[in-house]
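Q: My structure file model.txt, compact mmCIF, C-alpha atoms and all ligand atoms, is below:
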# COMPACT_ATOMS: atom_id res chain seq x y z
CA LEU H 205 81.57 130.99 101.58
CA THR H 206 83.71 128.12 102.80
CA PHE H 207 86.84 126.84 101.14
CA ILE H 208 86.84 123.14 100.35
CA GLN H 209 89.57 121.14 102.03
CA PRO H 210 91.08 118.93 99.29
CA PRO H 211 92.65 115.53 99.83
CA GLN H 212 96.37 115.75 100.42
CA VAL H 213 99.55 113.80 100.10
CA GLU H 214 102.04 113.99 102.97
CA TRP H 215 105.24 114.59 101.02
CA ALA H 216 107.50 113.07 103.64
CA SER H 217 105.65 109.77 104.02
CA GLY H 218 103.76 109.69 100.73
CA ALA H 219 100.56 108.97 102.70
CA LEU H 220 97.23 110.14 101.30
CA ALA H 221 94.87 111.84 103.75
CA LYS H 222 91.61 113.76 104.05
CA GLY H 223 89.51 111.94 101.54
CA PRO H 224 87.62 108.69 101.20
CA LEU H 225 90.36 106.17 100.39
CA LEU H 226 90.52 102.66 99.00
CA ARG H 227 93.40 100.46 100.17
CA LYS H 228 94.90 97.26 98.86
CA SER H 229 97.83 95.25 100.22
CA THR H 230 99.75 92.81 98.06
CA ARG H 231 101.60 90.08 99.97
CA ILE H 232 104.29 87.57 99.11
CA GLN H 233 101.61 84.87 98.79
CA ASP H 234 99.75 86.91 96.16
CA LEU H 235 102.75 87.18 93.84
CA ILE H 236 102.82 83.62 92.51
CA GLU H 237 105.43 83.22 89.75
CA VAL H 238 106.12 86.94 89.64
CA PHE H 239 109.74 86.58 90.80
CA ALA H 240 112.32 84.52 88.92
CA ASP H 241 112.97 82.22 91.90
CA GLU H 242 109.52 80.77 92.70
CA PRO H 243 110.85 78.28 95.31
CA ALA H 244 112.55 81.18 97.14
CA ARG H 245 109.22 83.04 97.21
CA GLN H 246 107.49 79.99 98.69
CA GLN H 247 110.08 79.88 101.48
CA LEU H 248 109.23 83.41 102.61
CA ALA H 249 106.42 84.33 105.01
CA GLY H 250 103.35 84.54 102.77
CA GLU H 251 101.65 87.24 104.85
CA HIS H 252 104.55 89.66 104.47
CA VAL H 253 103.34 92.75 102.61
CA VAL H 254 105.33 93.68 99.48
CA TYR H 255 103.33 96.81 98.61
CA ASP H 256 100.34 98.84 99.68
CA VAL H 257 98.27 100.99 97.35
CA GLU H 258 96.10 103.83 98.66
CA MET H 259 93.70 105.38 96.18
CA LEU H 260 91.31 108.32 96.33
CA ALA H 261 87.76 107.00 95.96
CA THR H 262 86.81 109.19 92.99
CA SER H 263 84.55 108.83 89.96
CA SER H 264 85.14 105.95 87.54
CA ALA H 265 83.39 107.73 84.67
CA GLU H 266 85.04 108.09 81.26
CA GLY H 267 87.27 111.17 81.21
CA GLU H 268 87.92 111.12 84.96
CA LEU H 269 91.30 110.44 86.56
CA TYR H 270 92.29 108.16 89.41
CA THR H 271 94.99 109.13 91.92
CA GLY H 272 96.86 106.62 94.02
CA VAL H 273 100.05 106.13 95.98
CA THR H 274 102.05 102.92 95.94
CA HIS H 275 104.25 102.14 98.95
CA LEU H 276 106.71 99.45 97.89
CA TYR H 277 108.66 97.99 100.80
CA PRO H 278 112.36 97.09 100.65
CA GLY H 279 113.22 93.43 100.30
CA HIS H 280 114.26 90.63 97.95
CA VAL H 281 113.03 87.30 96.68
CA GLY H 282 115.97 85.11 95.74
CA GLY H 283 118.11 88.23 95.29
CA GLU H 284 115.51 89.95 93.09
CA TYR H 285 114.30 93.27 94.47
CA PHE H 286 110.72 93.64 95.67
CA MET H 287 108.57 94.98 92.85
CA THR H 288 104.96 95.49 91.85
CA ARG H 289 103.22 92.89 89.71
CA GLY H 290 103.23 95.30 86.77
CA HIS H 291 100.68 95.62 83.99
CA PHE H 292 99.56 96.98 80.67
CA HIS H 293 96.39 99.01 80.79
CA ALA H 294 93.39 97.04 79.52
CA ARG H 295 92.78 100.05 77.28
CA ARG H 296 96.26 99.90 75.79
CA GLU H 297 96.35 103.47 74.46
CA GLN H 298 95.85 105.00 77.92
CA GLY H 299 98.93 106.52 79.58
CA GLU H 300 99.76 107.41 83.17
CA VAL H 301 102.04 109.71 85.17
CA TYR H 302 104.10 108.56 88.16
CA PHE H 303 105.80 110.96 90.61
CA GLY H 304 108.51 109.72 92.95
CA LEU H 305 107.79 110.75 96.56
CA ARG H 306 110.38 109.01 98.73
CA GLY H 307 112.91 106.23 98.58
CA LYS H 308 114.91 105.04 95.62
CA GLY H 309 114.11 102.63 92.85
CA LEU H 310 113.42 101.98 89.21
CA LEU H 311 110.43 102.17 86.93
CA LEU H 312 110.52 99.36 84.38
CA LEU H 313 108.72 100.24 81.16
CA GLN H 314 108.11 97.79 78.34
CA ASN H 315 106.35 98.19 75.01
CA GLU H 316 104.30 95.58 73.18
CA HIS H 317 107.38 94.39 71.25
CA GLY H 318 109.08 93.47 74.52
CA GLN H 319 111.53 96.41 74.39
CA ALA H 320 112.22 97.52 77.95
CA ARG H 321 113.84 100.52 79.63
CA LEU H 322 114.46 101.59 83.21
CA GLU H 323 114.02 105.04 84.74
CA ASN H 324 115.45 106.16 88.08
CA VAL H 325 112.75 106.87 90.66
CA PHE H 326 113.51 109.29 93.52
CA ALA H 327 111.74 112.05 95.48
CA GLY H 328 110.69 114.54 92.82
CA SER H 329 111.09 112.33 89.74
CA ILE H 330 108.36 112.57 87.08
CA HIS H 331 107.61 109.61 84.80
CA ILE H 332 105.49 109.93 81.69
CA ILE H 333 104.21 106.46 80.87
CA PRO H 334 102.92 106.51 77.30
CA GLY H 335 100.08 104.36 76.04
CA PHE H 336 100.88 100.78 74.98
CA THR H 337 103.55 100.58 77.72
CA ALA H 338 103.60 98.13 80.61
CA HIS H 339 104.96 99.45 83.91
CA ARG H 340 106.39 98.05 87.15
CA LEU H 341 108.04 99.70 90.16
CA ILE H 342 111.18 98.14 91.67
CA ASN H 343 112.58 99.11 95.08
CA THR H 344 116.39 99.06 94.91
CA GLY H 345 116.85 100.90 98.23
CA ASN H 346 116.68 100.08 101.93
CA GLU H 347 113.73 102.40 102.58
CA VAL H 348 110.11 102.39 101.45
CA LEU H 349 109.71 103.54 97.84
CA SER H 350 106.55 105.64 97.48
CA ALA H 351 105.22 106.99 94.21
CA LEU H 352 102.08 108.93 93.34
CA ALA H 353 100.24 107.88 90.18
CA VAL H 354 97.51 109.55 88.13
CA TRP H 355 95.77 107.55 85.41
CA PRO H 356 92.55 107.56 83.40
CA ALA H 357 89.68 105.87 85.21
CA ILE H 358 88.80 103.93 82.07
CA ALA H 359 92.35 102.52 81.63
CA GLY H 360 91.82 99.26 83.56
CA HIS H 361 94.56 96.73 84.31
CA ASP H 362 95.69 93.80 82.20
CA TYR H 363 97.95 91.55 84.28
CA ALA H 364 97.56 88.43 82.17
CA ALA H 365 99.35 89.84 79.12
CA LEU H 366 102.60 89.83 81.12
CA ALA H 367 102.10 86.47 82.78
CA LYS H 368 105.48 85.38 81.40
CA GLY H 369 107.06 88.46 82.88
CA PHE H 370 108.98 91.45 81.66
CA THR H 371 112.13 91.07 79.55
CA LEU H 372 114.32 92.62 82.27
CA ARG H 373 114.77 91.53 85.88
CA VAL H 374 116.65 93.49 88.54
CA PHE H 375 118.71 91.78 91.24
CA GLU H 376 121.03 92.79 94.04
CA GLU H 377 124.41 91.10 93.78
CA ASN H 378 127.42 92.08 95.91
CA GLN H 379 125.50 95.19 97.04
CA GLN H 380 125.19 96.27 93.40
CA ILE H 381 122.22 96.55 91.09
CA LEU H 382 122.37 93.85 88.44
CA VAL H 383 120.00 93.91 85.46
CA ARG H 384 119.41 90.61 83.69
CA GLU H 385 117.77 90.10 80.32
CA VAL H 386 115.20 87.35 80.29
CA GLN H 387 114.63 85.13 77.27
CA ASN H 388 110.95 84.20 77.47
CA GLY H 389 109.67 87.67 78.41
C1 LIG X 401 99.38 101.87 89.87
C2 LIG X 401 99.57 100.37 90.18
C3 LIG X 401 100.19 100.10 91.54
C4 LIG X 401 100.28 98.60 91.87
O1 LIG X 401 98.41 102.44 90.67
O2 LIG X 401 98.32 99.75 90.05
O3 LIG X 401 101.48 100.62 91.55
O4 LIG X 401 100.89 97.89 90.82
P1 LIG X 401 100.13 96.68 90.12
O5 LIG X 401 98.78 97.19 89.72
O6 LIG X 401 100.97 96.32 88.95
O7 LIG X 401 100.00 95.58 91.13
C5 LIG X 401 99.04 101.96 88.38
O8 LIG X 401 99.90 101.80 87.56
N1 LIG X 401 97.76 102.12 88.04
O9 LIG X 401 97.39 102.13 86.73
ZN ZN X 402 99.01 101.62 85.47
Will you turn the file into C-alpha cells for me?
Ligand code: PAN
Ligand code: ZN

A:
Amino acid sequence: LTFIQPPQVEWASGALAKGPLLRKSTRIQDLIEVFADEPARQQLAGEHVVYDVEMLATSSAEGELYTGVTHLYPGHVGGEYFMTRGHFHARREQGEVYFGLRGKGLLLLQNEHGQARLENVFAGSIHIIPGFTAHRLINTGNEVLSALAVWPAIAGHDYAALAKGFTLRVFEENQQILVREVQNG
C-alpha cells in the first residue's frame, strides 16, 4: 500500500505545489476602470502584474470544491492600494472561505444592497464569505498578500454586476489607510 502525496501549500510563501495547477496573472492593463483614477492607471506600465492566482486543477462537477491561492502584490494606482477585480458569484447563494497566508491587507465584502464591510487579512486569518456577498482583496502592506480560497466549483464569477465598483475604496494617504465612501457604487 502506498500513501498518496497530496497537493500542498507552502505556508511561508503561500505557493501551491505537487498537483496539476492552473495559473492566471492579472496585469495593470487588464484592470480597466477598476481603480478610481483611470488616467493614473494608464500612466503605469501595463505589463506590471497586480495579482497571480494559482488553482488546483480539480473537478468542476456540482458539489466539488475549488482551491486557489491569490498573490496580490504591493502597489498603488493614484494612491489607491492594489486590489483584485472583485466579484459576486454567478450563483449568488454560493459562499467561499478565504484564509490569510502572508502579508497584510483587507477583505472588502459587499452585499446586494451595496452595504460594505472590511475585514483585516493577515497570516492565519479566516474569512467566511456568505452567499450573496461580493468580495475583493486589498493589499495595504509593503509585502505580497497571499490568501488561500476554497469555493464551490459551480459558483462561477460575475464581474459585470460590480462594473460601477464597490461602495468603499481604500487609499494610502500620509502613510495611513484612508477609506472613502463612493457615491455611484
Ligand atoms: C478567488 C478570486 C481571486 C482573484 O479565487 O477569483 O482572488 O480575484 P478576482 O476573481 O476578483 O479577479 C475567488 O474569490 N474565487 O471565487
Ligand atoms: Zn469568489

Q: Identify, counting all atoms listed in the file, the protein, DNA and RNA residues located within 9 Å of ligand LIG 401 (chain X), and give them as JSON, numbers by chain.

A: {"H": [228, 230, 255, 256, 257, 258, 259, 270, 271, 272, 273, 274, 275, 276, 287, 288, 289, 290, 291, 292, 293, 299, 300, 301, 302, 338, 339, 340, 341, 351, 352, 353, 354, 355, 356, 357, 359, 360, 361, 362, 363]}

Q: Interatomic distance between atom CA of Asn343 of chain H and atom CA of Gly307 of chain H?

A: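 These atoms are spaced 7.9 Å apart.
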
Q: Please provide as a VMD selection string all residues within 10 Å of segment 316-328 of chain H, with the sequence filter that same-chain residues fewer than 3 positions apart are discarded (counting all atoms listed in the file).

A: chain H and resid 215 to 216 218 292 296 302 to 313 331 336 to 344 349 to 351 365 to 366 369 to 372 374 383 385 388 to 389

Q: Taking C-alpha atoms for each residue, export the selection above as a PDB file, in the coordinates of the input.

A:
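Once written, out_16.pdb looks like this:
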ATOM      1  CA  TRP H 215     105.240 114.590 101.020  1.00  0.00           C
ATOM      2  CA  ALA H 216     107.500 113.070 103.640  1.00  0.00           C
ATOM      3  CA  GLY H 218     103.760 109.690 100.730  1.00  0.00           C
ATOM      4  CA  PHE H 292      99.560  96.980  80.670  1.00  0.00           C
ATOM      5  CA  ARG H 296      96.260  99.900  75.790  1.00  0.00           C
ATOM      6  CA  TYR H 302     104.100 108.560  88.160  1.00  0.00           C
ATOM      7  CA  PHE H 303     105.800 110.960  90.610  1.00  0.00           C
ATOM      8  CA  GLY H 304     108.510 109.720  92.950  1.00  0.00           C
ATOM      9  CA  LEU H 305     107.790 110.750  96.560  1.00  0.00           C
ATOM     10  CA  ARG H 306     110.380 109.010  98.730  1.00  0.00           C
ATOM     11  CA  GLY H 307     112.910 106.230  98.580  1.00  0.00           C
ATOM     12  CA  LYS H 308     114.910 105.040  95.620  1.00  0.00           C
ATOM     13  CA  GLY H 309     114.110 102.630  92.850  1.00  0.00           C
ATOM     14  CA  LEU H 310     113.420 101.980  89.210  1.00  0.00           C
ATOM     15  CA  LEU H 311     110.430 102.170  86.930  1.00  0.00           C
ATOM     16  CA  LEU H 312     110.520  99.360  84.380  1.00  0.00           C
ATOM     17  CA  LEU H 313     108.720 100.240  81.160  1.00  0.00           C
ATOM     18  CA  HIS H 331     107.610 109.610  84.800  1.00  0.00           C
ATOM     19  CA  PHE H 336     100.880 100.780  74.980  1.00  0.00           C
ATOM     20  CA  THR H 337     103.550 100.580  77.720  1.00  0.00           C
ATOM     21  CA  ALA H 338     103.600  98.130  80.610  1.00  0.00           C
ATOM     22  CA  HIS H 339     104.960  99.450  83.910  1.00  0.00           C
ATOM     23  CA  ARG H 340     106.390  98.050  87.150  1.00  0.00           C
ATOM     24  CA  LEU H 341     108.040  99.700  90.160  1.00  0.00           C
ATOM     25  CA  ILE H 342     111.180  98.140  91.670  1.00  0.00           C
ATOM     26  CA  ASN H 343     112.580  99.110  95.080  1.00  0.00           C
ATOM     27  CA  THR H 344     116.390  99.060  94.910  1.00  0.00           C
ATOM     28  CA  LEU H 349     109.710 103.540  97.840  1.00  0.00           C
ATOM     29  CA  SER H 350     106.550 105.640  97.480  1.00  0.00           C
ATOM     30  CA  ALA H 351     105.220 106.990  94.210  1.00  0.00           C
ATOM     31  CA  ALA H 365      99.350  89.840  79.120  1.00  0.00           C
ATOM     32  CA  LEU H 366     102.600  89.830  81.120  1.00  0.00           C
ATOM     33  CA  GLY H 369     107.060  88.460  82.880  1.00  0.00           C
ATOM     34  CA  PHE H 370     108.980  91.450  81.660  1.00  0.00           C
ATOM     35  CA  THR H 371     112.130  91.070  79.550  1.00  0.00           C
ATOM     36  CA  LEU H 372     114.320  92.620  82.270  1.00  0.00           C
ATOM     37  CA  VAL H 374     116.650  93.490  88.540  1.00  0.00           C
ATOM     38  CA  VAL H 383     120.000  93.910  85.460  1.00  0.00           C
ATOM     39  CA  GLU H 385     117.770  90.100  80.320  1.00  0.00           C
ATOM     40  CA  ASN H 388     110.950  84.200  77.470  1.00  0.00           C
ATOM     41  CA  GLY H 389     109.670  87.670  78.410  1.00  0.00           C
TER      42      GLY H 389
END

Q: Within 12 Å of Gly250 of chain H, counting all atoms listed in the file, which residues qualify if same-chain residues fewer than 4 places away don't, as a VMD selection string?

A: chain H and resid 230 to 236 244 to 246 254 281

Q: Save out the residues we just selected, C-alpha atoms, as a PDB file, in the frame of the given file.

A:
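Resulting contents of part_33.pdb:
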ATOM      1  CA  THR H 230      99.750  92.810  98.060  1.00  0.00           C
ATOM      2  CA  ARG H 231     101.600  90.080  99.970  1.00  0.00           C
ATOM      3  CA  ILE H 232     104.290  87.570  99.110  1.00  0.00           C
ATOM      4  CA  GLN H 233     101.610  84.870  98.790  1.00  0.00           C
ATOM      5  CA  ASP H 234      99.750  86.910  96.160  1.00  0.00           C
ATOM      6  CA  LEU H 235     102.750  87.180  93.840  1.00  0.00           C
ATOM      7  CA  ILE H 236     102.820  83.620  92.510  1.00  0.00           C
ATOM      8  CA  ALA H 244     112.550  81.180  97.140  1.00  0.00           C
ATOM      9  CA  ARG H 245     109.220  83.040  97.210  1.00  0.00           C
ATOM     10  CA  GLN H 246     107.490  79.990  98.690  1.00  0.00           C
ATOM     11  CA  VAL H 254     105.330  93.680  99.480  1.00  0.00           C
ATOM     12  CA  VAL H 281     113.030  87.300  96.680  1.00  0.00           C
TER      13      VAL H 281
END

Q: Which residues are near Gly282 of chain H? Cut-off 9 Å, only C-alpha atoms, ignore same chain within fewer than 3 positions. Put them as a list in words.

A: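 Surrounding residues, per the criterion: Phe239, Ala240, Asp241, Glu242, Pro243, Ala244, Arg245, Tyr285 and Phe375 of chain H.
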
Q: Atom CA of Gly283 of chain H to atom CA of Glu377 of chain H: how many Å, to one decimal?

A: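 Interatomic distance here is 7.1 Å.
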
Q: Using all atoms listed in the file, can you tell me which of H:Lys222, H:His252, H:His280, H:Arg373 comes closest to Gln387 of chain H?

A: H:Arg373

Q: Pick out the residues sitting within 6 Å of Ala261 of chain H, and hand them over as a list in words; count all atoms listed in the file, and ignore anything fewer than 4 positions along from it in its own chain.

A: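 Non-adjacent residues within range: Pro224, Leu225 and Leu226 of chain H.
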
Q: Report, in Å to a single decimal, how far apart atom CA of Thr262 of chain H and atom CA of Gly223 of chain H are.

A: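 Atom-to-atom, atom CA of Gly223 of chain H and atom CA of Thr262 of chain H are spaced 9.4 Å apart.
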
Q: Pick out the closest residue to ligand ZN 402 (chain X) from this set: H:Ala221, H:Ile333, H:Ala249, H:Val238. Count only C-alpha atoms and all ligand atoms.

A: H:Ile333
